[in-house]
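Colleague: For reference, this is data05.cif, and it has mmCIF, C-alpha atoms.
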```
data_query
loop_
_atom_site.group_PDB
_atom_site.id
_atom_site.type_symbol
_atom_site.label_atom_id
_atom_site.label_comp_id
_atom_site.auth_asym_id
_atom_site.auth_seq_id
_atom_site.Cartn_x
_atom_site.Cartn_y
_atom_site.Cartn_z
ATOM 1 C CA MET V 167 -39.224 -11.030 9.714
ATOM 2 C CA LYS V 168 -35.438 -10.864 9.408
ATOM 3 C CA SER V 169 -33.672 -7.854 10.831
ATOM 4 C CA LYS V 170 -31.395 -5.988 8.451
ATOM 5 C CA LYS V 171 -27.820 -5.076 9.254
ATOM 6 C CA TYR V 172 -26.320 -1.798 8.092
ATOM 7 C CA TYR V 173 -22.975 -0.055 8.071
ATOM 8 C CA PHE V 174 -23.436 3.597 9.034
ATOM 9 C CA ASN V 175 -20.818 6.067 7.823
ATOM 10 C CA LEU V 176 -21.347 9.098 10.029
ATOM 11 C CA ALA V 177 -18.729 11.188 8.214
ATOM 12 C CA LYS V 178 -20.646 10.835 4.934
ATOM 13 C CA ASN V 179 -24.094 10.611 6.535
ATOM 14 C CA SER V 180 -24.816 7.388 4.644
ATOM 15 C CA ARG V 181 -25.760 3.798 5.296
ATOM 16 C CA THR V 182 -25.090 0.612 3.379
ATOM 17 C CA ALA V 183 -27.143 -2.548 3.798
ATOM 18 C CA LEU V 184 -24.999 -5.604 4.493
ATOM 19 C CA ALA V 185 -25.780 -9.062 3.134
ATOM 20 C CA GLN V 186 -28.534 -10.848 5.074
ATOM 21 C CA ASN V 187 -26.305 -13.913 5.440
ATOM 22 C CA ILE V 188 -23.881 -11.995 7.662
ATOM 23 C CA LYS V 189 -24.619 -13.444 11.080
ATOM 24 C CA SER V 190 -21.878 -11.910 13.253
ATOM 25 C CA ALA V 191 -19.396 -9.086 12.616
ATOM 26 C CA ALA V 192 -16.614 -7.239 14.427
ATOM 27 C CA PHE V 193 -14.559 -4.184 13.569
ATOM 28 C CA SER V 194 -10.769 -4.338 13.437
ATOM 29 C CA PRO V 195 -9.088 -2.446 16.280
ATOM 30 C CA ASP V 196 -8.381 0.515 13.955
ATOM 31 C CA GLY V 197 -11.937 0.479 12.542
ATOM 32 C CA GLU V 198 -10.732 0.154 8.947
ATOM 33 C CA LYS V 199 -12.003 -3.410 8.316
ATOM 34 C CA ILE V 200 -14.647 -5.809 9.534
ATOM 35 C CA ALA V 201 -14.413 -9.537 10.087
ATOM 36 C CA TYR V 202 -17.673 -11.399 9.742
ATOM 37 C CA TYR V 203 -19.291 -14.806 9.694
ATOM 38 C CA PHE V 204 -21.302 -15.359 6.524
ATOM 39 C CA TYR V 205 -23.522 -18.446 6.553
ATOM 40 C CA ASP V 206 -25.596 -19.782 3.647
ATOM 41 C CA GLY V 207 -28.223 -22.115 5.119
ATOM 42 C CA ARG V 208 -29.238 -23.455 1.696
ATOM 43 C CA LEU V 209 -25.737 -24.814 1.141
ATOM 44 C CA ALA V 210 -25.014 -25.470 4.837
ATOM 45 C CA GLU V 211 -21.676 -23.706 4.573
ATOM 46 C CA GLY V 212 -20.131 -20.483 5.678
ATOM 47 C CA ASN V 213 -17.018 -18.363 5.723
ATOM 48 C CA ILE V 214 -15.101 -16.145 8.041
ATOM 49 C CA SER V 215 -14.370 -13.137 5.852
ATOM 50 C CA ILE V 216 -12.879 -9.668 6.069
ATOM 51 C CA SER V 217 -13.876 -6.580 4.106
ATOM 52 C CA ASN V 218 -14.172 -2.845 4.194
ATOM 53 C CA PRO V 219 -16.930 -1.763 6.602
ATOM 54 C CA ASP V 220 -19.385 -1.206 3.738
ATOM 55 C CA GLY V 221 -18.901 -4.830 2.595
ATOM 56 C CA SER V 222 -16.746 -4.019 -0.437
ATOM 57 C CA GLY V 223 -13.417 -5.679 -1.067
ATOM 58 C CA PHE V 224 -14.307 -8.869 0.804
ATOM 59 C CA GLU V 225 -11.953 -11.795 1.135
ATOM 60 C CA ASN V 226 -12.870 -15.223 2.520
ATOM 61 C CA ILE V 227 -10.192 -16.318 4.973
ATOM 62 C CA PHE V 228 -11.710 -19.519 6.391
ATOM 63 C CA LYS V 229 -14.382 -21.891 5.096
ATOM 64 C CA THR V 230 -16.573 -23.699 7.639
ATOM 65 C CA ARG V 231 -19.747 -25.743 8.038
ATOM 66 C CA ILE V 232 -20.129 -24.819 11.712
ATOM 67 C CA GLN V 233 -23.361 -22.947 12.411
ATOM 68 C CA GLY V 234 -23.901 -20.110 14.870
ATOM 69 C CA LEU V 235 -20.370 -18.737 15.045
ATOM 70 C CA ARG V 236 -19.570 -15.429 16.743
ATOM 71 C CA VAL V 237 -16.660 -13.277 15.596
ATOM 72 C CA LEU V 238 -14.389 -11.011 17.666
ATOM 73 C CA TRP V 239 -11.395 -8.907 16.597
ATOM 74 C CA PRO V 240 -9.851 -8.016 19.964
ATOM 75 C CA GLU V 241 -6.349 -7.047 18.781
ATOM 76 C CA ASN V 242 -4.288 -6.528 15.643
ATOM 77 C CA GLY V 243 -3.355 -9.757 13.920
ATOM 78 C CA ILE V 244 -5.923 -11.974 15.691
ATOM 79 C CA ILE V 245 -9.514 -12.736 14.767
ATOM 80 C CA ILE V 246 -11.384 -15.062 17.114
ATOM 81 C CA PHE V 247 -14.443 -17.089 16.217
ATOM 82 C CA TYR V 248 -16.332 -19.369 18.553
ATOM 83 C CA SER V 249 -19.523 -21.362 18.911
ATOM 84 C CA GLY V 250 -21.544 -22.920 21.671
ATOM 85 C CA ALA V 251 -21.267 -22.394 25.382
ATOM 86 C CA GLY V 252 -19.974 -24.372 28.331
ATOM 87 C CA GLU V 253 -18.648 -27.815 27.517
ATOM 88 C CA ASN V 254 -19.810 -27.555 23.888
ATOM 89 C CA GLN V 255 -17.855 -24.378 23.186
ATOM 90 C CA SER V 256 -15.219 -24.378 20.477
ATOM 91 C CA ALA V 257 -12.987 -21.355 19.909
ATOM 92 C CA PHE V 258 -10.359 -20.635 17.284
ATOM 93 C CA SER V 259 -8.012 -17.821 16.365
ATOM 94 C CA ILE V 260 -6.792 -16.948 12.887
ATOM 95 C CA SER V 261 -4.808 -14.104 11.376
ATOM 96 C CA PRO V 262 -6.608 -11.570 9.123
ATOM 97 C CA GLU V 263 -4.638 -13.122 6.243
ATOM 98 C CA GLY V 264 -6.232 -16.522 6.936
ATOM 99 C CA LYS V 265 -3.083 -18.067 8.394
ATOM 100 C CA ASN V 266 -2.113 -19.545 11.767
ATOM 101 C CA LEU V 267 -5.438 -21.224 12.555
ATOM 102 C CA LYS V 268 -5.329 -22.368 16.170
ATOM 103 C CA ARG V 269 -7.871 -24.031 18.424
ATOM 104 C CA LEU V 270 -8.045 -22.088 21.675
ATOM 105 C CA THR V 271 -8.411 -23.636 25.091
ATOM 106 C CA GLY V 272 -10.873 -22.019 27.473
ATOM 107 C CA GLU V 273 -7.984 -20.351 29.294
ATOM 108 C CA GLU V 274 -6.514 -18.962 26.049
ATOM 109 C CA LEU V 275 -9.912 -17.575 25.048
ATOM 110 C CA ILE V 276 -10.325 -15.840 28.404
ATOM 111 C CA THR V 277 -6.796 -14.393 28.123
ATOM 112 C CA ARG V 278 -7.583 -13.028 24.643
ATOM 113 C CA LEU V 279 -10.879 -11.573 25.837
ATOM 114 C CA GLU V 280 -9.138 -9.874 28.748
ATOM 115 C CA SER V 281 -6.709 -8.060 26.419
ATOM 116 C CA ASP V 282 -6.791 -4.270 26.301
ATOM 117 C CA GLY V 283 -8.393 -4.374 22.837
ATOM 118 C CA ALA V 284 -11.209 -6.615 24.004
ATOM 119 C CA LYS V 285 -11.784 -4.459 27.081
ATOM 120 C CA LYS V 286 -12.166 -1.405 24.799
ATOM 121 C CA ILE V 287 -14.693 -3.288 22.654
ATOM 122 C CA ILE V 288 -16.712 -4.203 25.732
ATOM 123 C CA GLN V 289 -16.530 -0.648 27.135
ATOM 124 C CA ASN V 290 -17.536 0.921 23.797
ATOM 125 C CA ALA V 291 -20.511 -1.424 23.596
ATOM 126 C CA GLY V 292 -21.660 -0.158 26.997
ATOM 127 C CA ILE V 293 -21.344 -3.556 28.645
ATOM 128 C CA SER V 294 -20.371 -3.585 32.292
ATOM 129 C CA ALA V 295 -18.738 -6.550 33.924
#
```
So, in terms of structure tokens, how does the structure I just supplied come out?
Modeller:
Amino acid sequence: MKSKKYYFNLAKNSRTALAQNIKSAAFSPDGEKIAYYFYDGRLAEGNISISNPDGSGFENIFKTRIQGLRVLWPENGIIIFYSGAGENQSAFSISPEGKNLKRLTGEELITRLESDGAKKIIQNAGISA
């Protein structure tokens, strides 16, 4: 059984079901948008996309065939997506407008994840280092 993903709007006391093909999502630092990895297994293709938190107004910013990506939005202007672990890990950054795609080295990824924005994400998720 697949688990469903929802966007909960506490101010309006409502919830919106998100597409089942959304595999990983992250809020923008201001909470106004989400970046997500949408993967269609039937077509073996996916997208990194941004939208409003309820899924409306989506825009595909990067097309990919890589499976199992994770998405982070640690600071304004930078979305990070990565796959794998250890020696097989690949990480990239891209702007929310779909520009400035850059492959990140392990050191660059760690630097981005140690930014103040990323630390807030980790703290808000209740993860302790």
Colleague: So which residues get picked by the PyMOL selection byres ((chain V and resi 211) around 9) here, written as a VMD selection string?
Modeller: chain V and resid 204 to 210 212 to 213 229 to 233
Colleague: Grab the residues selected above and save them as a JSON list (two decimals), keeping the file's coordinate frame with C-alpha atoms.
Modeller:
```
[["chain", "number", "residue", "atom", "x", "y", "z"],
["V", 204, "PHE", "CA", -21.30, -15.36, 6.52],
["V", 205, "TYR", "CA", -23.52, -18.45, 6.55],
["V", 206, "ASP", "CA", -25.60, -19.78, 3.65],
["V", 207, "GLY", "CA", -28.22, -22.12, 5.12],
["V", 208, "ARG", "CA", -29.24, -23.46, 1.70],
["V", 209, "LEU", "CA", -25.74, -24.81, 1.14],
["V", 210, "ALA", "CA", -25.01, -25.47, 4.84],
["V", 212, "GLY", "CA", -20.13, -20.48, 5.68],
["V", 213, "ASN", "CA", -17.02, -18.36, 5.72],
["V", 229, "LYS", "CA", -14.38, -21.89, 5.10],
["V", 230, "THR", "CA", -16.57, -23.70, 7.64],
["V", 231, "ARG", "CA", -19.75, -25.74, 8.04],
["V", 232, "ILE", "CA", -20.13, -24.82, 11.71],
["V", 233, "GLN", "CA", -23.36, -22.95, 12.41]]
```
Colleague: To test your reading of the syntax: which residues would the PyMOL selection byres ((chain V and resi 188) around 10) return for the file shown? Reply as JSON, numbers by chain.
Modeller: {"V": [170, 171, 184, 185, 186, 187, 189, 190, 191, 202, 203, 204, 205, 206, 212, 213, 214, 215]}
Colleague: Rank V:Asn226, V:Asp220, V:Asp196, V:Pro240 by their smallest atom-to-atom distance to Ser180 in chain V, using only C-alpha atoms, and report the top residue only.
Modeller: V:Asp220
Colleague: I'd like the interatomic distance between CA of Ile245 in chain V and CA of Asn179 in chain V, to a tenth of an Å.
Modeller: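 About the pair CA of Ile245 in chain V and CA of Asn179 in chain V: they are 28.7 Å apart.
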Colleague: Which residue, V:Lys178, V:Glu198, V:Leu275, V:Asn266, has the smallest gap to Phe247 in chain V when you use only C-alpha atoms?
Modeller: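 Of V:Lys178, V:Glu198, V:Leu275, V:Asn266, the one nearest Phe247 in chain V is V:Leu275, counting only C-alpha atoms.
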Colleague: For Ser222 in chain V, which residue out of V:Leu176, V:Ile244, V:Ile260, V:Ala183 is the nearest one, using only C-alpha atoms?
Modeller: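 Once distances to Ser222 in chain V are computed over only C-alpha atoms, the minimum belongs to V:Ala183.
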Colleague: Any idea what the distance is between CA of Ser249 in chain V and CA of Glu273 in chain V?
Modeller: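 Distance between the two atoms: 15.6 Å.
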Colleague: Show which residues sit within 10 Å of Leu267 in chain V, as a PyMOL selection string. Count only C-alpha atoms, and ignore same-chain residues fewer than 2 positions away.
Modeller: chain V and resi 228+244-246+258-261+264-265+269-270
Colleague: Between CA of Asn242 in chain V and CA of Glu225 in chain V, what is the distance, to one decimal in Å?
Modeller: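 Going from CA of Asn242 in chain V over to CA of Glu225 in chain V, I get 17.2 Å.
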Colleague: So, counting all atoms listed in the file, which residue among V:Gly223, V:Gly272, V:Pro262, V:Gly197 is closest to Tyr248 in chain V?
Modeller: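 With all atoms listed in the file as the atom set, the closest residue is V:Gly272.
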Colleague: Would you compute, for all listed atoms of range 199-211 of chain V, the axis-aligned bounding box grown by 4 Å on each side, and then report its centre and edge lengths in Å rounded to one decimal, as lines of an AutoDock Vina configuration file?
Modeller:
```
center_x = -20.6
center_y = -14.4
center_z = 5.6
size_x = 25.2
size_y = 30.1
size_z = 16.9
```
Colleague: Write out as a list in words the residues lying within 9 Å of Asn175 in chain V, counting only C-alpha atoms and excluding same-chain residues fewer than 6 positions away.
Modeller: Arg181, Thr182, Pro219 and Asp220 of chain V
